[in-house]
>>> print(open('start.tsv').read())   # TSV, N, CA and C atoms
chain	number	residue	atom	x	y	z
F	18	MET	N	-3.73	13.85	2.48
F	18	MET	CA	-4.34	12.87	3.33
F	18	MET	C	-3.36	11.72	3.53
F	19	LYS	N	-3.31	11.20	4.75
F	19	LYS	CA	-2.46	10.06	5.05
F	19	LYS	C	-3.27	8.77	4.92
F	20	ALA	N	-2.58	7.71	4.48
F	20	ALA	CA	-3.22	6.41	4.32
F	20	ALA	C	-2.24	5.31	4.68
F	21	VAL	N	-2.79	4.14	4.98
F	21	VAL	CA	-1.99	2.96	5.26
F	21	VAL	C	-2.23	1.96	4.14
F	22	ILE	N	-1.13	1.46	3.57
F	22	ILE	CA	-1.20	0.45	2.51
F	22	ILE	C	-0.52	-0.81	3.03
F	23	SER	N	-1.21	-1.94	2.91
F	23	SER	CA	-0.59	-3.22	3.27
F	23	SER	C	-0.54	-4.09	2.02
F	24	VAL	N	0.56	-4.82	1.91
F	24	VAL	CA	0.79	-5.69	0.74
F	24	VAL	C	1.25	-7.05	1.26
F	25	ILE	N	0.61	-8.11	0.78
F	25	ILE	CA	0.99	-9.47	1.17
F	25	ILE	C	0.97	-10.35	-0.08
F	26	GLY	N	1.98	-11.20	-0.21
F	26	GLY	CA	2.02	-12.13	-1.33
F	26	GLY	C	3.24	-13.02	-1.25
F	27	LYS	N	3.27	-14.05	-2.09
F	27	LYS	CA	4.45	-14.91	-2.16
F	27	LYS	C	5.64	-14.04	-2.54
F	28	ASP	N	6.76	-14.25	-1.86
F	28	ASP	CA	7.94	-13.44	-2.12
F	28	ASP	C	8.45	-13.66	-3.54
F	29	ARG	N	8.79	-12.56	-4.17
F	29	ARG	CA	9.40	-12.59	-5.50
F	29	ARG	C	10.10	-11.26	-5.73
F	30	THR	N	10.95	-11.22	-6.69
F	30	THR	CA	11.67	-10.00	-7.04
F	30	THR	C	10.71	-8.97	-7.61
F	31	GLY	N	10.85	-7.71	-7.18
F	31	GLY	CA	10.14	-6.61	-7.82
F	31	GLY	C	8.86	-6.15	-7.15
F	32	ILE	N	8.48	-6.72	-6.03
F	32	ILE	CA	7.22	-6.30	-5.40
F	32	ILE	C	7.31	-4.84	-4.95
F	33	ILE	N	8.38	-4.50	-4.23
F	33	ILE	CA	8.52	-3.12	-3.75
F	33	ILE	C	8.56	-2.16	-4.93
F	34	TYR	N	9.29	-2.53	-5.97
F	34	TYR	CA	9.37	-1.69	-7.16
F	34	TYR	C	7.98	-1.47	-7.77
F	35	SER	N	7.22	-2.55	-7.94
F	35	SER	CA	5.90	-2.45	-8.57
F	35	SER	C	4.98	-1.51	-7.81
F	36	VAL	N	4.96	-1.64	-6.48
F	36	VAL	CA	4.09	-0.80	-5.66
F	36	VAL	C	4.59	0.64	-5.66
F	37	SER	N	5.88	0.82	-5.40
F	37	SER	CA	6.40	2.19	-5.29
F	37	SER	C	6.36	2.94	-6.63
F	38	LYS	N	6.47	2.23	-7.75
F	38	LYS	CA	6.37	2.86	-9.06
F	38	LYS	C	4.97	3.47	-9.26
F	39	ILE	N	3.94	2.71	-8.90
F	39	ILE	CA	2.57	3.23	-9.02
F	39	ILE	C	2.37	4.42	-8.10
F	40	LEU	N	2.88	4.31	-6.88
F	40	LEU	CA	2.74	5.43	-5.94
F	40	LEU	C	3.46	6.67	-6.46
F	41	TYR	N	4.67	6.49	-6.97
F	41	TYR	CA	5.44	7.61	-7.54
F	41	TYR	C	4.68	8.27	-8.69
F	42	GLU	N	4.16	7.45	-9.59
F	42	GLU	CA	3.44	7.98	-10.75
F	42	GLU	C	2.16	8.70	-10.34
F	43	SER	N	1.62	8.37	-9.17
F	43	SER	CA	0.41	9.02	-8.67
F	43	SER	C	0.73	10.23	-7.80
F	44	GLY	N	2.01	10.50	-7.58
F	44	GLY	CA	2.40	11.64	-6.75
F	44	GLY	C	2.29	11.38	-5.26
F	45	VAL	N	2.23	10.10	-4.88
F	45	VAL	CA	2.09	9.71	-3.48
F	45	VAL	C	3.47	9.62	-2.85
F	46	ASN	N	3.60	10.18	-1.64
F	46	ASN	CA	4.86	10.14	-0.91
F	46	ASN	C	4.83	9.02	0.13
F	47	ILE	N	5.86	8.18	0.13
F	47	ILE	CA	5.98	7.13	1.15
F	47	ILE	C	6.68	7.76	2.35
F	48	GLU	N	5.96	7.83	3.47
F	48	GLU	CA	6.51	8.45	4.68
F	48	GLU	C	7.19	7.44	5.59
F	49	ASP	N	6.70	6.23	5.61
F	49	ASP	CA	7.30	5.18	6.43
F	49	ASP	C	6.98	3.84	5.78
F	50	ILE	N	7.87	2.90	5.97
F	50	ILE	CA	7.69	1.59	5.35
F	50	ILE	C	8.32	0.52	6.23
F	51	SER	N	7.65	-0.61	6.29
F	51	SER	CA	8.18	-1.77	7.00
F	51	SER	C	7.86	-2.99	6.15
F	52	GLN	N	8.87	-3.83	5.93
F	52	GLN	CA	8.61	-5.05	5.17
F	52	GLN	C	9.46	-6.18	5.73
F	53	THR	N	8.95	-7.38	5.53
F	53	THR	CA	9.67	-8.57	5.98
F	53	THR	C	9.21	-9.76	5.16
F	54	ILE	N	9.97	-10.82	5.25
F	54	ILE	CA	9.61	-12.09	4.62
F	54	ILE	C	9.29	-13.06	5.76
F	55	MET	N	8.10	-13.66	5.71
F	55	MET	CA	7.69	-14.63	6.73
F	55	MET	C	7.39	-15.95	6.03
F	56	GLN	N	8.28	-16.91	6.20
F	56	GLN	CA	8.13	-18.24	5.62
F	56	GLN	C	7.74	-18.21	4.14
F	57	GLY	N	8.45	-17.37	3.39
F	57	GLY	CA	8.23	-17.29	1.95
F	57	GLY	C	7.18	-16.29	1.52
F	58	TYR	N	6.54	-15.62	2.46
F	58	TYR	CA	5.54	-14.60	2.13
F	58	TYR	C	6.11	-13.22	2.41
F	59	PHE	N	5.97	-12.35	1.43
F	59	PHE	CA	6.39	-10.96	1.55
F	59	PHE	C	5.25	-10.18	2.22
F	60	THR	N	5.58	-9.40	3.23
F	60	THR	CA	4.59	-8.53	3.87
F	60	THR	C	5.16	-7.13	3.98
F	61	MET	N	4.33	-6.14	3.70
F	61	MET	CA	4.78	-4.75	3.74
F	61	MET	C	3.63	-3.86	4.20
F	62	VAL	N	3.97	-2.91	5.05
F	62	VAL	CA	3.02	-1.89	5.48
F	62	VAL	C	3.67	-0.54	5.22
F	63	MET	N	2.91	0.35	4.59
F	63	MET	CA	3.41	1.69	4.28
F	63	MET	C	2.47	2.75	4.85
F	64	LEU	N	3.05	3.82	5.35
F	64	LEU	CA	2.29	5.01	5.67
F	64	LEU	C	2.60	5.99	4.55
F	65	VAL	N	1.58	6.45	3.86
F	65	VAL	CA	1.77	7.32	2.70
F	65	VAL	C	0.98	8.61	2.85
F	66	SER	N	1.43	9.60	2.11
F	66	SER	CA	0.72	10.87	2.03
F	66	SER	C	0.22	11.03	0.60
F	67	ILE	N	-1.12	11.16	0.47
F	67	ILE	CA	-1.75	11.23	-0.85
F	67	ILE	C	-2.08	12.69	-1.17
F	68	PRO	N	-1.72	13.16	-2.38
F	68	PRO	CA	-2.05	14.55	-2.75
F	68	PRO	C	-3.56	14.80	-2.71
F	69	GLU	N	-3.92	16.03	-2.45
F	69	GLU	CA	-5.33	16.43	-2.34
F	69	GLU	C	-6.14	16.11	-3.61
F	70	ASP	N	-5.48	16.16	-4.77
F	70	ASP	CA	-6.21	15.98	-6.03
F	70	ASP	C	-6.42	14.51	-6.42
F	71	ILE	N	-6.00	13.58	-5.56
F	71	ILE	CA	-6.19	12.16	-5.84
F	71	ILE	C	-7.07	11.56	-4.75
F	72	SER	N	-8.11	10.84	-5.15
F	72	SER	CA	-9.00	10.21	-4.18
F	72	SER	C	-8.48	8.82	-3.83
F	73	ILE	N	-8.96	8.30	-2.70
F	73	ILE	CA	-8.62	6.94	-2.29
F	73	ILE	C	-9.06	5.95	-3.38
F	74	THR	N	-10.22	6.19	-3.95
F	74	THR	CA	-10.74	5.31	-5.00
F	74	THR	C	-9.81	5.30	-6.21
F	75	GLU	N	-9.34	6.47	-6.62
F	75	GLU	CA	-8.41	6.54	-7.76
F	75	GLU	C	-7.13	5.76	-7.47
F	76	LEU	N	-6.60	5.94	-6.27
F	76	LEU	CA	-5.36	5.24	-5.92
F	76	LEU	C	-5.60	3.74	-5.84
F	77	ARG	N	-6.73	3.33	-5.27
F	77	ARG	CA	-7.08	1.90	-5.23
F	77	ARG	C	-7.12	1.32	-6.65
F	78	ASN	N	-7.75	2.06	-7.55
F	78	ASN	CA	-7.83	1.60	-8.95
F	78	ASN	C	-6.45	1.49	-9.58
F	79	SER	N	-5.56	2.41	-9.25
F	79	SER	CA	-4.19	2.36	-9.79
F	79	SER	C	-3.44	1.15	-9.28
F	80	LEU	N	-3.70	0.77	-8.02
F	80	LEU	CA	-3.01	-0.37	-7.42
F	80	LEU	C	-3.64	-1.71	-7.76
F	81	SER	N	-4.88	-1.70	-8.23
F	81	SER	CA	-5.63	-2.95	-8.45
F	81	SER	C	-4.96	-3.94	-9.42
F	82	PRO	N	-4.22	-3.51	-10.45
F	82	PRO	CA	-3.56	-4.50	-11.31
F	82	PRO	C	-2.59	-5.41	-10.54
F	83	LEU	N	-2.10	-4.94	-9.41
F	83	LEU	CA	-1.18	-5.76	-8.61
F	83	LEU	C	-1.89	-6.96	-8.00
F	84	ASN	N	-3.21	-6.86	-7.81
F	84	ASN	CA	-3.97	-8.01	-7.32
F	84	ASN	C	-3.90	-9.17	-8.31
F	85	GLU	N	-3.78	-8.84	-9.59
F	85	GLU	CA	-3.68	-9.87	-10.62
F	85	GLU	C	-2.31	-10.55	-10.61
F	86	GLN	N	-1.36	-9.96	-9.87
F	86	GLN	CA	-0.03	-10.54	-9.73
F	86	GLN	C	0.07	-11.34	-8.42
F	87	ASN	N	-1.09	-11.79	-7.93
F	87	ASN	CA	-1.18	-12.57	-6.70
F	87	ASN	C	-0.68	-11.82	-5.47
F	88	LEU	N	-0.95	-10.53	-5.43
F	88	LEU	CA	-0.67	-9.71	-4.26
F	88	LEU	C	-1.98	-9.24	-3.67
F	89	SER	N	-2.07	-9.28	-2.36
F	89	SER	CA	-3.23	-8.72	-1.67
F	89	SER	C	-2.85	-7.31	-1.21
F	90	ILE	N	-3.57	-6.31	-1.71
F	90	ILE	CA	-3.27	-4.93	-1.38
F	90	ILE	C	-4.48	-4.30	-0.72
F	91	GLN	N	-4.25	-3.71	0.44
F	91	GLN	CA	-5.30	-3.00	1.17
F	91	GLN	C	-4.88	-1.55	1.32
F	92	LEU	N	-5.82	-0.64	1.12
F	92	LEU	CA	-5.55	0.80	1.25
F	92	LEU	C	-6.65	1.38	2.12
F	93	GLN	N	-6.23	2.10	3.15
F	93	GLN	CA	-7.19	2.65	4.10
F	93	GLN	C	-6.70	4.01	4.58
F	94	LYS	N	-7.62	4.98	4.70
F	94	LYS	CA	-7.26	6.26	5.28
F	94	LYS	C	-6.66	6.02	6.65
F	95	ALA	N	-5.61	6.75	6.99
F	95	ALA	CA	-4.94	6.55	8.27
F	95	ALA	C	-5.88	6.83	9.43
F	96	GLU	N	-6.73	7.84	9.31
F	96	GLU	CA	-7.65	8.15	10.42
F	96	GLU	C	-8.64	7.01	10.65
F	97	LEU	N	-9.11	6.39	9.58
F	97	LEU	CA	-10.01	5.24	9.71
F	97	LEU	C	-9.27	4.05	10.30
F	98	PHE	N	-8.04	3.84	9.84
F	98	PHE	CA	-7.20	2.76	10.37
F	98	PHE	C	-7.02	2.96	11.87
F	99	ASP	N	-6.69	4.19	12.28
F	99	ASP	CA	-6.50	4.49	13.71
F	99	ASP	C	-7.76	4.19	14.51
F	100	GLU	N	-8.91	4.56	14.00
F	100	GLU	CA	-10.16	4.35	14.72
F	100	GLU	C	-10.51	2.87	14.84
F	101	THR	N	-10.27	2.09	13.79
F	101	THR	CA	-10.64	0.68	13.83
F	101	THR	C	-9.64	-0.18	14.58
F	102	HIS	N	-8.46	0.35	14.85
F	102	HIS	CA	-7.43	-0.42	15.55
F	102	HIS	C	-7.11	0.18	16.92
F	103	HIS	N	-7.98	1.02	17.41
F	103	HIS	CA	-7.79	1.63	18.73
F	103	HIS	C	-8.45	0.76	19.79
F	104	ILE	N	-7.69	0.44	20.82
F	104	ILE	CA	-8.24	-0.41	21.89
F	104	ILE	C	-8.76	0.47	23.02
>>> encode(input="start.tsv", output="structure tokens")
Amino acid sequence: MKAVISVIGKDRTGIIYSVSKILYESGVNIEDISQTIMQGYFTMVMLVSIPEDISITELRNSLSPLNEQNLSIQLQKAELFDETHHI
């Protein structure tokens, strides 16, 4: 299943590492990634492929400790993202 992950937070060293490490350990493949710094804020959007044996809820739970590091992380199925952002 494909999903979109967005990450926003004050820029600091190690954000990409922290997110990608969790994804790697969960067997998630990063298919596309875009990141930038906007006035001191780190922003990143990833298109990922999640293995069949992992649910969105499980992956959300794996990423949730990053919220405690002052990062806002959103995870959404790509098909749902497409439907809610279609004009």
>>> atom_distance(input="start.tsv", atom1="CA of Met18 in chain F", atom2="atom C of Tyr41 in chain F")
15.7 Å
>>> select_by_dssp(input="start.tsv", residues="range 26-65 of chain F", states="strand (DSSP E or B)", output="VMD selection string")
chain F and resid 26 to 27 46 to 55 58 to 65
>>> write_last_selection(input="start.tsv", atoms="N, CA and C atoms", output="PDB file, in the frame of the given file")
ATOM      1  N   GLY F  26       1.980 -11.200  -0.210  1.00  0.00           N
ATOM      2  CA  GLY F  26       2.020 -12.130  -1.330  1.00  0.00           C
ATOM      3  C   GLY F  26       3.240 -13.020  -1.250  1.00  0.00           C
ATOM      4  N   LYS F  27       3.270 -14.050  -2.090  1.00  0.00           N
ATOM      5  CA  LYS F  27       4.450 -14.910  -2.160  1.00  0.00           C
ATOM      6  C   LYS F  27       5.640 -14.040  -2.540  1.00  0.00           C
ATOM      7  N   ASN F  46       3.600  10.180  -1.640  1.00  0.00           N
ATOM      8  CA  ASN F  46       4.860  10.140  -0.910  1.00  0.00           C
ATOM      9  C   ASN F  46       4.830   9.020   0.130  1.00  0.00           C
ATOM     10  N   ILE F  47       5.860   8.180   0.130  1.00  0.00           N
ATOM     11  CA  ILE F  47       5.980   7.130   1.150  1.00  0.00           C
ATOM     12  C   ILE F  47       6.680   7.760   2.350  1.00  0.00           C
ATOM     13  N   GLU F  48       5.960   7.830   3.470  1.00  0.00           N
ATOM     14  CA  GLU F  48       6.510   8.450   4.680  1.00  0.00           C
ATOM     15  C   GLU F  48       7.190   7.440   5.590  1.00  0.00           C
ATOM     16  N   ASP F  49       6.700   6.230   5.610  1.00  0.00           N
ATOM     17  CA  ASP F  49       7.300   5.180   6.430  1.00  0.00           C
ATOM     18  C   ASP F  49       6.980   3.840   5.780  1.00  0.00           C
ATOM     19  N   ILE F  50       7.870   2.900   5.970  1.00  0.00           N
ATOM     20  CA  ILE F  50       7.690   1.590   5.350  1.00  0.00           C
ATOM     21  C   ILE F  50       8.320   0.520   6.230  1.00  0.00           C
ATOM     22  N   SER F  51       7.650  -0.610   6.290  1.00  0.00           N
ATOM     23  CA  SER F  51       8.180  -1.770   7.000  1.00  0.00           C
ATOM     24  C   SER F  51       7.860  -2.990   6.150  1.00  0.00           C
ATOM     25  N   GLN F  52       8.870  -3.830   5.930  1.00  0.00           N
ATOM     26  CA  GLN F  52       8.610  -5.050   5.170  1.00  0.00           C
ATOM     27  C   GLN F  52       9.460  -6.180   5.730  1.00  0.00           C
ATOM     28  N   THR F  53       8.950  -7.380   5.530  1.00  0.00           N
ATOM     29  CA  THR F  53       9.670  -8.570   5.980  1.00  0.00           C
ATOM     30  C   THR F  53       9.210  -9.760   5.160  1.00  0.00           C
ATOM     31  N   ILE F  54       9.970 -10.820   5.250  1.00  0.00           N
ATOM     32  CA  ILE F  54       9.610 -12.090   4.620  1.00  0.00           C
ATOM     33  C   ILE F  54       9.290 -13.060   5.760  1.00  0.00           C
ATOM     34  N   MET F  55       8.100 -13.660   5.710  1.00  0.00           N
ATOM     35  CA  MET F  55       7.690 -14.630   6.730  1.00  0.00           C
ATOM     36  C   MET F  55       7.390 -15.950   6.030  1.00  0.00           C
ATOM     37  N   TYR F  58       6.540 -15.620   2.460  1.00  0.00           N
ATOM     38  CA  TYR F  58       5.540 -14.600   2.130  1.00  0.00           C
ATOM     39  C   TYR F  58       6.110 -13.220   2.410  1.00  0.00           C
ATOM     40  N   PHE F  59       5.970 -12.350   1.430  1.00  0.00           N
ATOM     41  CA  PHE F  59       6.390 -10.960   1.550  1.00  0.00           C
ATOM     42  C   PHE F  59       5.250 -10.180   2.220  1.00  0.00           C
ATOM     43  N   THR F  60       5.580  -9.400   3.230  1.00  0.00           N
ATOM     44  CA  THR F  60       4.590  -8.530   3.870  1.00  0.00           C
ATOM     45  C   THR F  60       5.160  -7.130   3.980  1.00  0.00           C
ATOM     46  N   MET F  61       4.330  -6.140   3.700  1.00  0.00           N
ATOM     47  CA  MET F  61       4.780  -4.750   3.740  1.00  0.00           C
ATOM     48  C   MET F  61       3.630  -3.860   4.200  1.00  0.00           C
ATOM     49  N   VAL F  62       3.970  -2.910   5.050  1.00  0.00           N
ATOM     50  CA  VAL F  62       3.020  -1.890   5.480  1.00  0.00           C
ATOM     51  C   VAL F  62       3.670  -0.540   5.220  1.00  0.00           C
ATOM     52  N   MET F  63       2.910   0.350   4.590  1.00  0.00           N
ATOM     53  CA  MET F  63       3.410   1.690   4.280  1.00  0.00           C
ATOM     54  C   MET F  63       2.470   2.750   4.850  1.00  0.00           C
ATOM     55  N   LEU F  64       3.050   3.820   5.350  1.00  0.00           N
ATOM     56  CA  LEU F  64       2.290   5.010   5.670  1.00  0.00           C
ATOM     57  C   LEU F  64       2.600   5.990   4.550  1.00  0.00           C
ATOM     58  N   VAL F  65       1.580   6.450   3.860  1.00  0.00           N
ATOM     59  CA  VAL F  65       1.770   7.320   2.700  1.00  0.00           C
ATOM     60  C   VAL F  65       0.980   8.610   2.850  1.00  0.00           C
TER      61      VAL F  65
END
>>> atom_distance(input="start.tsv", atom1="CA of Glu48 in chain F", atom2="CA of Ser66 in chain F")
6.8 Å
>>> residues_near_point(input="start.tsv", point="(-1.1, 0.2, 4.5)", cutoff="10 Å", atoms="only C-alpha atoms", output="JSON, numbers by chain")
{"F": [19, 20, 21, 22, 23, 24, 49, 50, 51, 61, 62, 63, 64, 65, 90, 91, 92, 93, 94, 95, 98]}
>>> atom_distance(input="start.tsv", atom1="CA of Gly44 in chain F", atom2="CA of Asn78 in chain F")
14.5 Å
>>> residues_around(input="start.tsv", residues="Ile33 in chain F", least_positions_apart="4", cutoff="10 Å", atoms="only C-alpha atoms", output="JSON, numbers by chain")
{"F": [24, 29, 37, 38, 52, 59, 61]}
>>> closest_residue(input="start.tsv", among="F:Thr74, F:Pro68, F:Met55, F:Leu83", to="Ile39 in chain F", atoms="only C-alpha atoms")
F:Leu83
>>> select_by_dssp(input="start.tsv", residues="chain F", states="helix (DSSP H, G or I)", output="PyMOL selection string")
chain F and resi 32-42+73-86+95-101
>>> closest_residue(input="start.tsv", among="F:Asp70, F:Thr53, F:Tyr34, F:Thr60", to="Leu88 in chain F", atoms="only C-alpha atoms")
F:Thr60
>>> closest_residue(input="start.tsv", among="F:Thr30, F:Ile71, F:Val36, F:Glu42", to="Asn84 in chain F", atoms="only C-alpha atoms")
F:Val36
>>> decode(input="start.tsv", residues="range 33-56 of chain F", atoms="N, CA and C atoms", output="mmCIF file, in the first residue's frame")
data_model
loop_
_atom_site.group_PDB
_atom_site.id
_atom_site.type_symbol
_atom_site.label_atom_id
_atom_site.label_comp_id
_atom_site.auth_asym_id
_atom_site.auth_seq_id
_atom_site.Cartn_x
_atom_site.Cartn_y
_atom_site.Cartn_z
ATOM 1 N N ILE F 33 15.697 13.719 9.272
ATOM 2 C CA ILE F 33 15.552 12.727 8.198
ATOM 3 C C ILE F 33 16.003 11.362 8.694
ATOM 4 N N TYR F 34 17.102 11.324 9.418
ATOM 5 C CA TYR F 34 17.595 10.063 9.967
ATOM 6 C C TYR F 34 16.553 9.413 10.879
ATOM 7 N N SER F 35 15.988 10.185 11.793
ATOM 8 C CA SER F 35 15.023 9.643 12.750
ATOM 9 C C SER F 35 13.818 9.029 12.056
ATOM 10 N N VAL F 36 13.285 9.730 11.059
ATOM 11 C CA VAL F 36 12.114 9.239 10.339
ATOM 12 C C VAL F 36 12.483 8.025 9.484
ATOM 13 N N SER F 37 13.553 8.150 8.708
ATOM 14 C CA SER F 37 13.907 7.058 7.793
ATOM 15 C C SER F 37 14.346 5.799 8.542
ATOM 16 N N LYS F 38 14.935 5.945 9.724
ATOM 17 C CA LYS F 38 15.325 4.788 10.531
ATOM 18 C C LYS F 38 14.087 3.973 10.935
ATOM 19 N N ILE F 39 13.048 4.662 11.383
ATOM 20 C CA ILE F 39 11.808 3.971 11.761
ATOM 21 C C ILE F 39 11.182 3.295 10.546
ATOM 22 N N LEU F 40 11.178 4.003 9.421
ATOM 23 C CA LEU F 40 10.607 3.415 8.204
ATOM 24 C C LEU F 40 11.400 2.177 7.780
ATOM 25 N N TYR F 41 12.723 2.272 7.817
ATOM 26 C CA TYR F 41 13.584 1.134 7.465
ATOM 27 C C TYR F 41 13.301 -0.065 8.374
ATOM 28 N N GLU F 42 13.235 0.189 9.670
ATOM 29 C CA GLU F 42 13.001 -0.895 10.629
ATOM 30 C C GLU F 42 11.621 -1.517 10.455
ATOM 31 N N SER F 43 10.687 -0.783 9.870
ATOM 32 C CA SER F 43 9.333 -1.288 9.627
ATOM 33 C C SER F 43 9.210 -1.934 8.249
ATOM 34 N N GLY F 44 10.278 -1.903 7.462
ATOM 35 C CA GLY F 44 10.248 -2.492 6.129
ATOM 36 C C GLY F 44 9.569 -1.614 5.090
ATOM 37 N N VAL F 45 9.440 -0.325 5.399
ATOM 38 C CA VAL F 45 8.781 0.625 4.505
ATOM 39 C C VAL F 45 9.805 1.173 3.512
ATOM 40 N N ASN F 46 9.409 1.232 2.236
ATOM 41 C CA ASN F 46 10.280 1.761 1.192
ATOM 42 C C ASN F 46 9.905 3.209 0.889
ATOM 43 N N ILE F 47 10.902 4.094 0.885
ATOM 44 C CA ILE F 47 10.676 5.489 0.501
ATOM 45 C C ILE F 47 10.797 5.558 -1.016
ATOM 46 N N GLU F 48 9.692 5.900 -1.679
ATOM 47 C CA GLU F 48 9.679 5.958 -3.138
ATOM 48 C C GLU F 48 10.003 7.350 -3.670
ATOM 49 N N ASP F 49 9.623 8.367 -2.938
ATOM 50 C CA ASP F 49 9.910 9.740 -3.345
ATOM 51 C C ASP F 49 9.953 10.595 -2.086
ATOM 52 N N ILE F 50 10.754 11.639 -2.139
ATOM 53 C CA ILE F 50 10.910 12.490 -0.966
ATOM 54 C C ILE F 50 11.202 13.918 -1.414
ATOM 55 N N SER F 51 10.636 14.856 -0.695
ATOM 56 C CA SER F 51 10.908 16.271 -0.930
ATOM 57 C C SER F 51 11.025 16.933 0.436
ATOM 58 N N GLN F 52 12.085 17.715 0.617
ATOM 59 C CA GLN F 52 12.225 18.417 1.881
ATOM 60 C C GLN F 52 12.847 19.781 1.634
ATOM 61 N N THR F 53 12.533 20.683 2.540
ATOM 62 C CA THR F 53 13.084 22.034 2.453
ATOM 63 C C THR F 53 13.062 22.667 3.834
ATOM 64 N N ILE F 54 13.785 23.749 3.966
ATOM 65 C CA ILE F 54 13.784 24.547 5.188
ATOM 66 C C ILE F 54 13.097 25.868 4.844
ATOM 67 N N MET F 55 12.066 26.214 5.605
ATOM 68 C CA MET F 55 11.344 27.469 5.391
ATOM 69 C C MET F 55 11.422 28.289 6.669
ATOM 70 N N GLN F 56 12.230 29.334 6.643
ATOM 71 C CA GLN F 56 12.403 30.240 7.777
ATOM 72 C C GLN F 56 12.629 29.498 9.096
#
